[in-house]
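Trainee: Below you'll find the structure I mean.
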Amino acid sequence: MSKTDTSTFESAPTAAPTWFEHLDETVDTILKNDPAARSRLEVILCYPGLHAVMAYRIANVFYKAKSYTLARLISQWARTMTGIEIHPGATIGRRFIIDHGMGVVIGETTEIGNDCFIYQGVTLGAGAEARQGEQSRNTKRHPTLGNGVVVGSGAEIQGAITVSDNARVASGSIVLKDVPPNSTVVGMPGRVIYRDGQRINEKLPDIEAEAIKSLKNRIEVLETLLRQLQGENETNLASDSIKPQEQDKLDWLDGNTESDSKEDPVEVFLQGAGI
Ligand SMILES: CC(C)(COP(=O)(O)OP(=O)(O)OC[C@H]1O[C@@H](n2cnc3c(N)ncnc32)[C@H](O)[C@@H]1OP(=O)(O)O)[C@@H](O)C(=O)NCCC(=O)NCCS
């Protein structure tokens, strides 16, 4: 499914929509945004994200009426059917879309604005506060998403932080701090790389590549030292005393092999292969 068209967000009307109005406009939004959706019937029957959100809208009514166990039962039934766990105490705005959905977790004090769009595997979870157990009951522990927020697959947003209007969180990011409006966050931990359409962070550090680079530098220093020692002992070292497999390694280090002299795997990785 394509991303939500953030240019068409509408502010919520004063009268709360009925369950059927929620259903109607959410189906419309899916049809508008998902090129794979062919008909209203298909969306109503085959979209687990829609099923989970509509079940939440029923569970939330019971939660507000303090029928907590019944509310949780509905929520857990929906989880069993869809793989999406939405706590009935969460506050969710209009036209909320969960694409695919499996593995989504939305915690009790999460607040979600209108026209938000999340993919499978997203967690809107509690931060460290949750470890305080019942002391933190009835306190805000989960994130707040503004209007028009997009969260990519597998992203984790944890704690009572705010992801402001029209922010975009890339797949696999871990976000533990507030995110400004109209920005794009990527990485682990999440960093803002775009704000108001402007790139504000030229290059994200690639920690694995840096570590490998540092190891490579050290190995090169050791090789230089080894060669110096080898040079000092050259007169004492008869070439026929080097075993064939050792000679192969020395040739590889010197780049003398015919087949893969340019295929140093560390160089290949540092040039971006596999990214
Ligand atoms: C995060 C997202 C909303 C940003 O959308 P956007 O504003 O149109 O921007 P782009 O997709 O062009 O990405 C912006 C930058 O973030 C980078 N980026 C995107 N996703 C990233 C990720 N998961 N990790 C690291 N960087 C990422 C892009 O490479 C790009 O960098 P560049 O400007 O240096 O080329 C979009 O990438 C998205 O929708 N991701 C989720 C997709 C998803 O979950 N798909 C699952 C389908 S089943």
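In the structure tokens, the first chain shown is A, the next is B, and so on; residue numbers restart at 1 for each chain, and ligands run from 1 in the order shown.
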Check which residues fall inside 10 Å of ligand 1 when counting only C-alpha atoms and all ligand atoms, and print them as a PyMOL selection string.
Mentor: chain A and resi 1-4+99-101+117-122+149-155+166-173+182-188+190-195+197-199+201-204+275
Trainee: Excluding range 22-28 of chain A and its own-chain neighbours fewer than 6 positions away, which residues fall within 9 Å of it when counting only C-alpha atoms? Please give them as a ChimeraX atom specification.
Mentor: /A:40,43-44,50,54,57,94-97
Trainee: Output C-alpha atoms of each residue in that selection to a file, as a tab-separated table (two decimals), in the first residue's frame.
Mentor:
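To be explicit, this is the file written out as result24.tsv:
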chain	number	residue	atom	x	y	z
A	40	ARG	CA	-15.18	-2.20	-0.75
A	43	VAL	CA	-11.42	-4.37	1.96
A	44	ILE	CA	-14.16	-5.19	4.47
A	50	LEU	CA	-9.40	-2.73	9.43
A	54	MET	CA	-13.07	-1.64	14.14
A	57	ARG	CA	-13.73	0.97	18.41
A	94	ARG	CA	-10.18	8.96	12.45
A	95	ARG	CA	-9.13	7.06	9.33
A	96	PHE	CA	-6.40	5.15	11.17
A	97	ILE	CA	-4.86	2.56	8.85
Trainee: How many Å separate CA of Met81 in chain A from CA of Ala37 in chain A?
Mentor: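 According to the coordinates, CA of Met81 in chain A and CA of Ala37 in chain A are separated by 20.4 Å.
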Trainee: Taking 5 positions as the minimum chain separation for residues in the same chain, which residues sit within 12 Å of Arg72 in chain A when counting only C-alpha atoms? Answer as a PyMOL selection string.
Mentor: chain A and resi 55-56+58-64+66-67+77-79+85-90+108
Trainee: Rank A:Pro35, A:Gly159, A:Pro180, A:Gly93 by their smallest atom-to-atom distance to Ala128 in chain A, using only C-alpha atoms, and report the top residue only.
Mentor: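 When distances to Ala128 in chain A are compared using only C-alpha atoms, the smallest one comes from A:Gly159.
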Trainee: What is the CA of Ile161 in chain A-CA of Leu124 in chain A distance in Å, reported with one decimal?
Mentor: 10.1 Å
Trainee: I need the residue nearest Ile106 in chain A from this list: A:Asn233, A:Asn147, A:Gln158, A:Gln132. Use only C-alpha atoms for the distance.
Mentor: A:Gln158
